[in-house]
Amino acid sequence: MSIENTRPPHGGHGEQGITVLLKRMRDAVALDSSAQERLDVLTKVIASHVVADVCSIYLRRPDDLLELYSTEGLNPQAVHITRMQWGEGLVGAVAQRHTPLVTSNAPKHPAFSYRPETGEDPLQSFLGVPLIRSGKTLGVLVVQNKAPREYTHEEIEAVQAVATLLAEIAASGELLSQEETEAVGAMLHRPEKLKGFGIVSGVAIGKAVFLQPPAPKHKVFAKDPAGDAARLEEGLTDLRQSVDDMLADNSSLSGVSREVLETYRLFAYDRGWKDRLRAAVFSGLTAESAVEQVKAENRARLSQSRDPYLRERLHDLDDLSNRLLRHLAGDKNIGKRALYDETILIARTMGPAELLEYDRKRLKGLVLGEVSATSHVAIVARALKIPMVTGAPEAMELTEDGDQTIVDGDAGEIYVRPTADVLDSYRTKKSRYQELEASYESEKSLASVSKDGVAVEILMNAGLALDMPFLEQTGAAGVGLFRTELQFLIGSQLPSVATQETLYREALDLADGKPVVFRTADIGGDKTAPYMDHGNEINPAMGWRGVRMAVDRPGMIRPQMRALLSAAAERTLWVMFPFVTLPGEIDDIRDLLDREIDRARRRDKALPADIKIGAMIETPASAWRADLIAQKVDFLSVGGNDLAQFYFAADRDSERVQRRYDPMNPGFLSFLKNTVEKVSRTGTPLSYCGEQTADPITAAALVGVGVRQFSLPAAFVGPFRRLVRSLEAKAVSDWLEAHLHAPEVTLRPAFAQFLKDSGAALE
């Protein structure tokens, strides 16, 4: 590269030029001289290579000041004198943003800070690159020129490469004094608090262990394609056997968790994947290069998909490719990496197979960079009750193997190398959490009745057979919402009637006579499977989903109805239909159910002793006509999450608006109260299901507007029972009635104070 032709070119900037630079940098570091002299020589080497008027190195001090440590081109008297605050000037901006900063007119840049002692007056162009190691900025490498010019992308990349090497040298102890190197080390090991998204609730404390996808060294081109094809075949055979063994070792898993692993095995046995690998080998690549190439092709193709399901499957394919590479490398200890007694596993991505291969007694928490709540690994982690946080990819850079780490799956937070007080706080929190769980379980047989005698029925949500034991643990009256769509979302084809029936029967058996309300698959819109022709909807949440899709595509809903009728034979079947908007849609869906009942009778199949039909109220339109819908069904359930987002016209998945509107808004509460009262006059039972029930303030308000049946996550059944038993329901209703016409945006602060003064159990 030639940054500015103010000096004769020195060396080249191709592969040979880089080799020359590295040799000269190595020689500079190896000099038998003082640390400052070595650093000055290194700065001159870099300056001569990039052909710039000025090259300077700023290093970060323990107090976060950026000190000029060496320069070629500025006033040498400014070394160790010029210091910039974090974020001050162009140098400080580079450090603070962790990204390069380029400008052809530095003095006019809004972040420019003039330092007369440096003698930088005639300089115009500026290129600053952070020295980053382990995710932290250790300093800034600056290149400057007198003439205004634009630095090219290639030039910036070249300076970044030098900066990366400088960061490694600074941390290695090869360049700086012992005291300065220790200061850099301390900087790299500061406590860190990272914010992500909680996927599986709970708190875990342990030492970090990395799952780093292997990249065994290998040749690119094969001398003997037939021999590499044989190695590939052997590797695939070993891979498939290991997946089969993994399934056999986890035979206790069932339902959706089992379906996840079966889908994973389908990928391993996929003929198309094998054919593409063989074709790559016979094109002249080694078996390893073939795996890498096909893996890259899959990533390029699937990462562009707008379908979240397909993007999630990319992780499974990456996992399989990495496992195959390890088989080809002769690694016989796949998935058997030693863990600490209490381990937090950290990875950018992870397949469900890898998770299941770790010792579950030692694996306490997960930090993953690129997964969603519906990913296969998230489903398995939830079934295994392993606290999990995602959405903090910087954890990969800021954490080192063995670092003390805390995972807070409730708050979505990660603490790396926590201070003693934070660690003590979380140990106390974990202990308190365990004590609370024990106390809630001890109260599971207590009636959920308010202090003034108002009974409130509490049910729980579920979606896996593995969730069902929580019925006994929490004392919930039943399952008010069993989400059935997971089976539809994880497979490559529509789940068979037999597969669905097995899950539903298992759930009913585990309920041991308690009611289980099965919500038919709420798919479509933003929850799509790869076998669905769903098109690209601009606003999928309000699109072709729920009962709308069921009526239009009876071939999808009727097999599910068939499975439900069979699973509930001679028992009571509670079935609820999602996203009902108009009363007439109940007639349409009932017609499909009646056809399945007639079909079963013609075949002399056993039928449920009783069938209860329900509808979810999730839109303002259905809430407004809830009394008419109530007359056509046996029960109703308010889907609070969707109802709130449609009431406020605020996408609940949007970071920008999801916190703008509070369900404690008096208008929304009045709207709910009106709906509850209309349905109450029909005599049809109504329950409330939504994330709002996990918030004690909103949950108490829902009791106040007249809701008498709730379905909520199992983890909140105990706290909600305790809250109900601490309330005076009439006093709560009276307070709300007096404030529902208030002009405030939210009643939360005032209502929270009222509850606190009333002695309500808010924790």
# chains A, B, ... in the order shown; residues from 1 in each chain; ligands from 1

call {"tool": "select_by_dssp", "arguments": {"residues": "region 649-741 of chain A", "states": "alpha helix (DSSP H)", "output": "PyMOL selection string"}}
result
chain A and resi 666-682+696-704+717-726+729-739

call {"tool": "closest_residue", "arguments": {"among": "A:Leu266, A:Leu65, A:Leu459, A:Leu727", "to": "Val140 (chain A)", "atoms": "only C-alpha atoms"}}
result
A:Leu65

call {"tool": "residues_around", "arguments": {"residues": "region 553-558 of chain A", "least_positions_apart": "5", "cutoff": "8 Å", "atoms": "only C-alpha atoms", "output": "list in words"}}
result
Leu494, Thr520, Ala521, Leu592, Leu593 and Glu596 of chain A

call {"tool": "select_by_dssp", "arguments": {"residues": "region 21-231 of chain A", "states": "strand (DSSP E)", "output": "compact mmCIF listing (two decimals) with N, CA, C and O atoms, in the first residue's frame"}}
result
# COMPACT_ATOMS: atom_id res chain seq x y z
N VAL A 54 3.45 10.90 9.47
CA VAL A 54 3.45 10.71 10.93
C VAL A 54 2.90 9.32 11.25
O VAL A 54 1.92 8.87 10.65
N CYS A 55 3.56 8.67 12.19
CA CYS A 55 3.02 7.43 12.76
C CYS A 55 3.20 7.54 14.27
O CYS A 55 4.31 7.78 14.75
N SER A 56 2.10 7.36 15.02
CA SER A 56 2.15 7.51 16.48
C SER A 56 1.43 6.35 17.15
O SER A 56 0.46 5.80 16.61
N ILE A 57 1.92 6.01 18.34
CA ILE A 57 1.29 4.95 19.13
C ILE A 57 0.87 5.53 20.47
O ILE A 57 1.71 6.07 21.22
N TYR A 58 -0.43 5.46 20.75
CA TYR A 58 -0.98 5.88 22.04
C TYR A 58 -1.36 4.61 22.80
O TYR A 58 -2.01 3.71 22.24
N LEU A 59 -0.99 4.54 24.07
CA LEU A 59 -1.35 3.39 24.88
C LEU A 59 -2.25 3.83 26.04
O LEU A 59 -2.12 4.94 26.56
N ARG A 60 -3.11 2.94 26.39
CA ARG A 60 -4.09 3.22 27.45
C ARG A 60 -3.47 2.99 28.82
O ARG A 60 -2.91 1.93 29.09
N LEU A 66 -5.21 8.15 27.50
CA LEU A 66 -4.47 7.66 26.34
C LEU A 66 -3.20 8.49 26.21
O LEU A 66 -3.25 9.69 25.91
N GLU A 67 -2.07 7.84 26.45
CA GLU A 67 -0.80 8.56 26.50
C GLU A 67 0.01 8.30 25.23
O GLU A 67 0.10 7.17 24.76
N LEU A 68 0.58 9.38 24.69
CA LEU A 68 1.45 9.25 23.53
C LEU A 68 2.74 8.57 23.99
O LEU A 68 3.55 9.15 24.72
N TYR A 69 2.94 7.32 23.55
CA TYR A 69 4.10 6.53 23.99
C TYR A 69 5.25 6.60 23.01
O TYR A 69 6.41 6.42 23.39
N SER A 70 4.93 6.81 21.73
CA SER A 70 5.99 6.84 20.73
C SER A 70 5.48 7.52 19.47
O SER A 70 4.28 7.42 19.15
N THR A 71 6.38 8.21 18.76
CA THR A 71 5.95 8.87 17.52
C THR A 71 7.11 9.00 16.55
O THR A 71 8.28 9.13 16.96
N GLU A 72 6.80 8.95 15.30
CA GLU A 72 7.72 9.27 14.22
C GLU A 72 7.04 10.36 13.41
O GLU A 72 6.06 10.09 12.71
N ARG A 83 -1.51 13.58 26.76
CA ARG A 83 -2.46 12.57 27.24
C ARG A 83 -3.88 13.02 26.88
O ARG A 83 -4.22 14.19 27.04
N MET A 84 -4.67 12.08 26.41
CA MET A 84 -6.05 12.37 26.00
C MET A 84 -7.01 11.63 26.91
O MET A 84 -6.78 10.46 27.27
N LEU A 101 -11.19 5.40 12.59
CA LEU A 101 -11.73 6.72 12.25
C LEU A 101 -10.84 7.28 11.15
O LEU A 101 -9.62 7.32 11.28
N VAL A 102 -11.48 7.70 10.07
CA VAL A 102 -10.76 8.21 8.90
C VAL A 102 -11.32 9.58 8.52
O VAL A 102 -12.54 9.76 8.46
N THR A 103 -10.43 10.54 8.28
CA THR A 103 -10.87 11.85 7.80
C THR A 103 -9.75 12.47 6.98
O THR A 103 -8.57 12.30 7.27
N SER A 125 -4.75 14.79 6.90
CA SER A 125 -5.39 13.47 6.86
C SER A 125 -5.09 12.68 8.13
O SER A 125 -3.99 12.76 8.69
N PHE A 126 -6.06 11.91 8.57
CA PHE A 126 -5.94 11.16 9.83
C PHE A 126 -6.55 9.77 9.65
O PHE A 126 -7.67 9.62 9.16
N LEU A 127 -5.81 8.75 10.07
CA LEU A 127 -6.32 7.38 10.12
C LEU A 127 -5.93 6.80 11.47
O LEU A 127 -4.75 6.64 11.77
N GLY A 128 -6.94 6.55 12.30
CA GLY A 128 -6.70 5.98 13.63
C GLY A 128 -7.36 4.62 13.74
O GLY A 128 -8.51 4.45 13.34
N VAL A 129 -6.60 3.65 14.27
CA VAL A 129 -7.10 2.28 14.41
C VAL A 129 -6.88 1.82 15.84
O VAL A 129 -5.77 1.98 16.39
N PRO A 130 -7.91 1.26 16.50
CA PRO A 130 -7.74 0.81 17.89
C PRO A 130 -6.87 -0.44 17.98
O PRO A 130 -6.89 -1.30 17.10
N LEU A 131 -6.09 -0.53 19.05
CA LEU A 131 -5.34 -1.74 19.36
C LEU A 131 -6.23 -2.58 20.27
O LEU A 131 -6.40 -2.24 21.45
N ILE A 132 -6.83 -3.61 19.73
CA ILE A 132 -7.82 -4.39 20.47
C ILE A 132 -7.30 -5.78 20.76
O ILE A 132 -6.81 -6.48 19.88
N ARG A 133 -7.43 -6.16 22.02
CA ARG A 133 -7.12 -7.54 22.41
C ARG A 133 -8.13 -7.97 23.46
O ARG A 133 -8.45 -7.23 24.38
N LYS A 136 -10.91 -5.57 24.31
CA LYS A 136 -10.65 -4.28 24.96
C LYS A 136 -9.67 -3.46 24.13
O LYS A 136 -8.74 -3.99 23.52
N THR A 137 -9.86 -2.15 24.15
CA THR A 137 -8.95 -1.23 23.47
C THR A 137 -7.76 -0.95 24.38
O THR A 137 -7.92 -0.40 25.47
N LEU A 138 -6.57 -1.33 23.92
CA LEU A 138 -5.34 -1.11 24.70
C LEU A 138 -4.63 0.17 24.28
O LEU A 138 -3.72 0.64 24.97
N GLY A 139 -5.03 0.72 23.15
CA GLY A 139 -4.39 1.93 22.65
C GLY A 139 -4.88 2.25 21.25
O GLY A 139 -5.86 1.68 20.78
N VAL A 140 -4.17 3.16 20.58
CA VAL A 140 -4.56 3.59 19.25
C VAL A 140 -3.30 3.77 18.40
O VAL A 140 -2.32 4.38 18.84
N LEU A 141 -3.34 3.23 17.19
CA LEU A 141 -2.28 3.44 16.20
C LEU A 141 -2.77 4.53 15.24
O LEU A 141 -3.85 4.40 14.67
N VAL A 142 -1.97 5.59 15.08
CA VAL A 142 -2.39 6.73 14.27
C VAL A 142 -1.41 6.93 13.11
O VAL A 142 -0.18 6.92 13.30
N VAL A 143 -1.96 7.11 11.92
CA VAL A 143 -1.19 7.46 10.72
C VAL A 143 -1.72 8.81 10.24
O VAL A 143 -2.94 9.00 10.14
N GLN A 144 -0.84 9.77 9.94
CA GLN A 144 -1.26 11.10 9.51
C GLN A 144 -0.44 11.56 8.30
O GLN A 144 0.72 11.17 8.14
N ASN A 145 -1.07 12.40 7.47
CA ASN A 145 -0.40 12.96 6.30
C ASN A 145 -0.68 14.46 6.20
O ASN A 145 -1.74 14.93 6.64
N GLU A 192 -16.37 -7.17 33.93
CA GLU A 192 -17.22 -6.75 32.83
C GLU A 192 -18.67 -7.13 33.11
O GLU A 192 -18.95 -8.21 33.62
N LYS A 193 -19.56 -6.21 32.75
CA LYS A 193 -20.99 -6.49 32.81
C LYS A 193 -21.56 -6.36 31.41
O LYS A 193 -21.46 -5.30 30.80
N LEU A 194 -22.13 -7.44 30.89
CA LEU A 194 -22.65 -7.46 29.53
C LEU A 194 -24.17 -7.61 29.56
O LEU A 194 -24.72 -8.34 30.39
N LYS A 195 -24.82 -6.95 28.62
CA LYS A 195 -26.28 -7.01 28.55
C LYS A 195 -26.71 -7.75 27.30
O LYS A 195 -26.29 -7.40 26.18
N PHE A 197 -29.99 -10.95 26.14
CA PHE A 197 -31.40 -11.31 26.28
C PHE A 197 -31.51 -12.65 26.99
O PHE A 197 -30.85 -13.62 26.60
N GLY A 198 -32.30 -12.70 28.03
CA GLY A 198 -32.49 -13.95 28.74
C GLY A 198 -33.35 -14.91 27.92
O GLY A 198 -34.43 -14.55 27.46
N ILE A 199 -32.86 -16.12 27.73
CA ILE A 199 -33.60 -17.14 26.98
C ILE A 199 -34.16 -18.19 27.92
O ILE A 199 -35.30 -18.63 27.79
N VAL A 200 -33.36 -18.62 28.90
CA VAL A 200 -33.81 -19.56 29.92
C VAL A 200 -33.55 -18.91 31.27
O VAL A 200 -32.43 -18.49 31.57
N VAL A 203 -30.31 -18.30 37.63
CA VAL A 203 -28.99 -17.73 37.88
C VAL A 203 -27.98 -18.86 37.95
O VAL A 203 -28.22 -19.89 38.60
N ALA A 204 -26.84 -18.69 37.27
CA ALA A 204 -25.77 -19.68 37.30
C ALA A 204 -24.45 -18.98 37.57
O ALA A 204 -24.20 -17.89 37.06
N ILE A 205 -23.62 -19.60 38.39
CA ILE A 205 -22.30 -19.08 38.72
C ILE A 205 -21.28 -20.18 38.46
O ILE A 205 -21.46 -21.32 38.90
N GLY A 206 -20.22 -19.86 37.73
CA GLY A 206 -19.22 -20.88 37.45
C GLY A 206 -18.04 -20.30 36.71
O GLY A 206 -17.90 -19.08 36.56
N LYS A 207 -17.16 -21.17 36.24
CA LYS A 207 -15.99 -20.76 35.48
C LYS A 207 -16.24 -20.96 33.99
O LYS A 207 -16.87 -21.93 33.59
N ALA A 208 -15.73 -20.03 33.20
CA ALA A 208 -15.98 -20.03 31.76
C ALA A 208 -15.20 -21.13 31.06
O ALA A 208 -14.02 -21.36 31.35
N VAL A 209 -15.89 -21.80 30.14
CA VAL A 209 -15.27 -22.76 29.24
C VAL A 209 -15.75 -22.44 27.84
O VAL A 209 -16.95 -22.20 27.63
N PHE A 210 -14.83 -22.42 26.88
CA PHE A 210 -15.20 -22.05 25.52
C PHE A 210 -15.45 -23.26 24.65
O PHE A 210 -14.73 -24.25 24.71

call {"tool": "closest_residue", "arguments": {"among": "A:Ile611, A:Ala268, A:Ala147, A:Leu232", "to": "Val291 (chain A)", "atoms": "only C-alpha atoms"}}
result
A:Leu232

call {"tool": "closest_residue", "arguments": {"among": "A:Met542, A:Ile586, A:Val380, A:Ala606", "to": "Arg562 (chain A)", "atoms": "only C-alpha atoms"}}
result
A:Ala606

call {"tool": "residues_around", "arguments": {"residues": "Ala420 (chain A)", "least_positions_apart": "5", "cutoff": "12 Å", "atoms": "only C-alpha atoms", "output": "NGL selection string"}}
result
:A and (191 or 404-405 or 415 or 425-427)

call {"tool": "write_last_selection", "arguments": {"atoms": "C-alpha atoms", "output": "PDB file, in the first residue's frame"}}
result
ATOM      1  CA  PRO A 191     -14.684  -6.927  35.647  1.00  0.00           C
ATOM      2  CA  GLN A 404     -15.410 -16.491  37.048  1.00  0.00           C
ATOM      3  CA  THR A 405     -18.727 -15.799  35.281  1.00  0.00           C
ATOM      4  CA  TYR A 415     -20.881 -10.740  34.633  1.00  0.00           C
ATOM      5  CA  SER A 425     -24.771 -10.387  45.850  1.00  0.00           C
ATOM      6  CA  TYR A 426     -25.498 -13.077  43.266  1.00  0.00           C
ATOM      7  CA  ARG A 427     -24.691 -15.890  45.649  1.00  0.00           C
TER       8      ARG A 427
END

call {"tool": "closest_residue", "arguments": {"among": "A:Pro62, A:Gly718, A:Gly513, A:Gly690", "to": "Trp86 (chain A)", "atoms": "only C-alpha atoms"}}
result
A:Pro62

call {"tool": "residues_around", "arguments": {"residues": "Glu618 (chain A)", "least_positions_apart": "2", "cutoff": "6 Å", "atoms": "only C-alpha atoms", "output": "list in words"}}
result
Phe579, Met616, Gly639, Asp642 and Leu643 of chain A

call {"tool": "closest_residue", "arguments": {"among": "A:Ala279, A:Ala287, A:Val679, A:Ala738", "to": "Leu236 (chain A)", "atoms": "only C-alpha atoms"}}
result
A:Ala287

call {"tool": "residues_around", "arguments": {"residues": "Ser670 (chain A)", "least_positions_apart": "3", "cutoff": "9 Å", "atoms": "only C-alpha atoms", "output": "compact mmCIF listing (two decimals) with N, CA and C atoms, in the first residue's frame"}}
result
# COMPACT_ATOMS: atom_id res chain seq x y z
N ASN A 665 -51.46 1.40 31.60
CA ASN A 665 -52.13 2.59 31.06
C ASN A 665 -53.61 2.53 31.41
N PRO A 666 -54.20 3.60 31.95
CA PRO A 666 -55.61 3.54 32.37
C PRO A 666 -56.57 3.23 31.23
N GLY A 667 -56.24 3.66 30.01
CA GLY A 667 -57.10 3.34 28.87
C GLY A 667 -57.13 1.86 28.59
N LYS A 673 -61.32 -4.06 31.39
CA LYS A 673 -62.44 -4.14 32.34
C LYS A 673 -63.77 -4.25 31.59
N ASN A 674 -63.91 -3.47 30.55
CA ASN A 674 -65.13 -3.53 29.73
C ASN A 674 -65.30 -4.91 29.11
N THR A 675 -64.20 -5.50 28.62
CA THR A 675 -64.25 -6.83 28.01
C THR A 675 -64.65 -7.88 29.03
N VAL A 705 -59.56 -5.57 37.85
CA VAL A 705 -60.55 -5.30 36.79
C VAL A 705 -61.47 -6.50 36.58
N GLU A 737 -61.06 1.75 40.05
CA GLU A 737 -62.27 2.43 39.56
C GLU A 737 -62.14 3.94 39.72
N LEU A 740 -59.26 5.02 36.82
CA LEU A 740 -59.24 4.60 35.42
C LEU A 740 -59.49 5.73 34.44
N HIS A 741 -60.00 6.83 34.91
CA HIS A 741 -60.23 7.97 34.01
C HIS A 741 -59.16 9.05 34.17

call {"tool": "closest_atom_pairs", "arguments": {"of": "region 501-521 of chain A", "to": "region 465-469 of chain A", "cutoff": "12 Å", "atoms": "only C-alpha atoms", "output": "tab-separated table"}}
result
residue	atom	partner	partner_atom	distance
A:Thr502	CA	A:Ala465	CA	10.0
A:Leu503	CA	A:Ala465	CA	6.8
A:Tyr504	CA	A:Ala465	CA	8.3
A:Arg505	CA	A:Ala465	CA	9.5
A:Glu506	CA	A:Ala465	CA	6.6
A:Ala507	CA	A:Ala465	CA	5.4
A:Leu508	CA	A:Met468	CA	8.9
A:Asp509	CA	A:Met468	CA	9.4
A:Leu510	CA	A:Met468	CA	6.1
A:Ala511	CA	A:Met468	CA	6.6
A:Asp512	CA	A:Met468	CA	9.9
A:Lys514	CA	A:Met468	CA	10.8
A:Pro515	CA	A:Met468	CA	11.7
A:Val516	CA	A:Met468	CA	9.9

call {"tool": "residues_around", "arguments": {"residues": "Arg115 (chain A)", "least_positions_apart": "2", "cutoff": "12 Å", "atoms": "only C-alpha atoms", "output": "JSON, numbers by chain"}}
result
{"A": [68, 74, 75, 78, 81, 82, 83, 84, 88, 89, 90, 91, 107, 112, 113, 117, 118, 119, 120, 121]}

call {"tool": "closest_residue", "arguments": {"among": "A:Leu39, A:Ala761, A:Ala329, A:Leu339", "to": "Glu234 (chain A)", "atoms": "only C-alpha atoms"}}
result
A:Ala329

call {"tool": "atom_distance", "arguments": {"atom1": "CA of Leu328 (chain A)", "atom2": "CA of Arg348 (chain A)"}}
result
22.7 Å
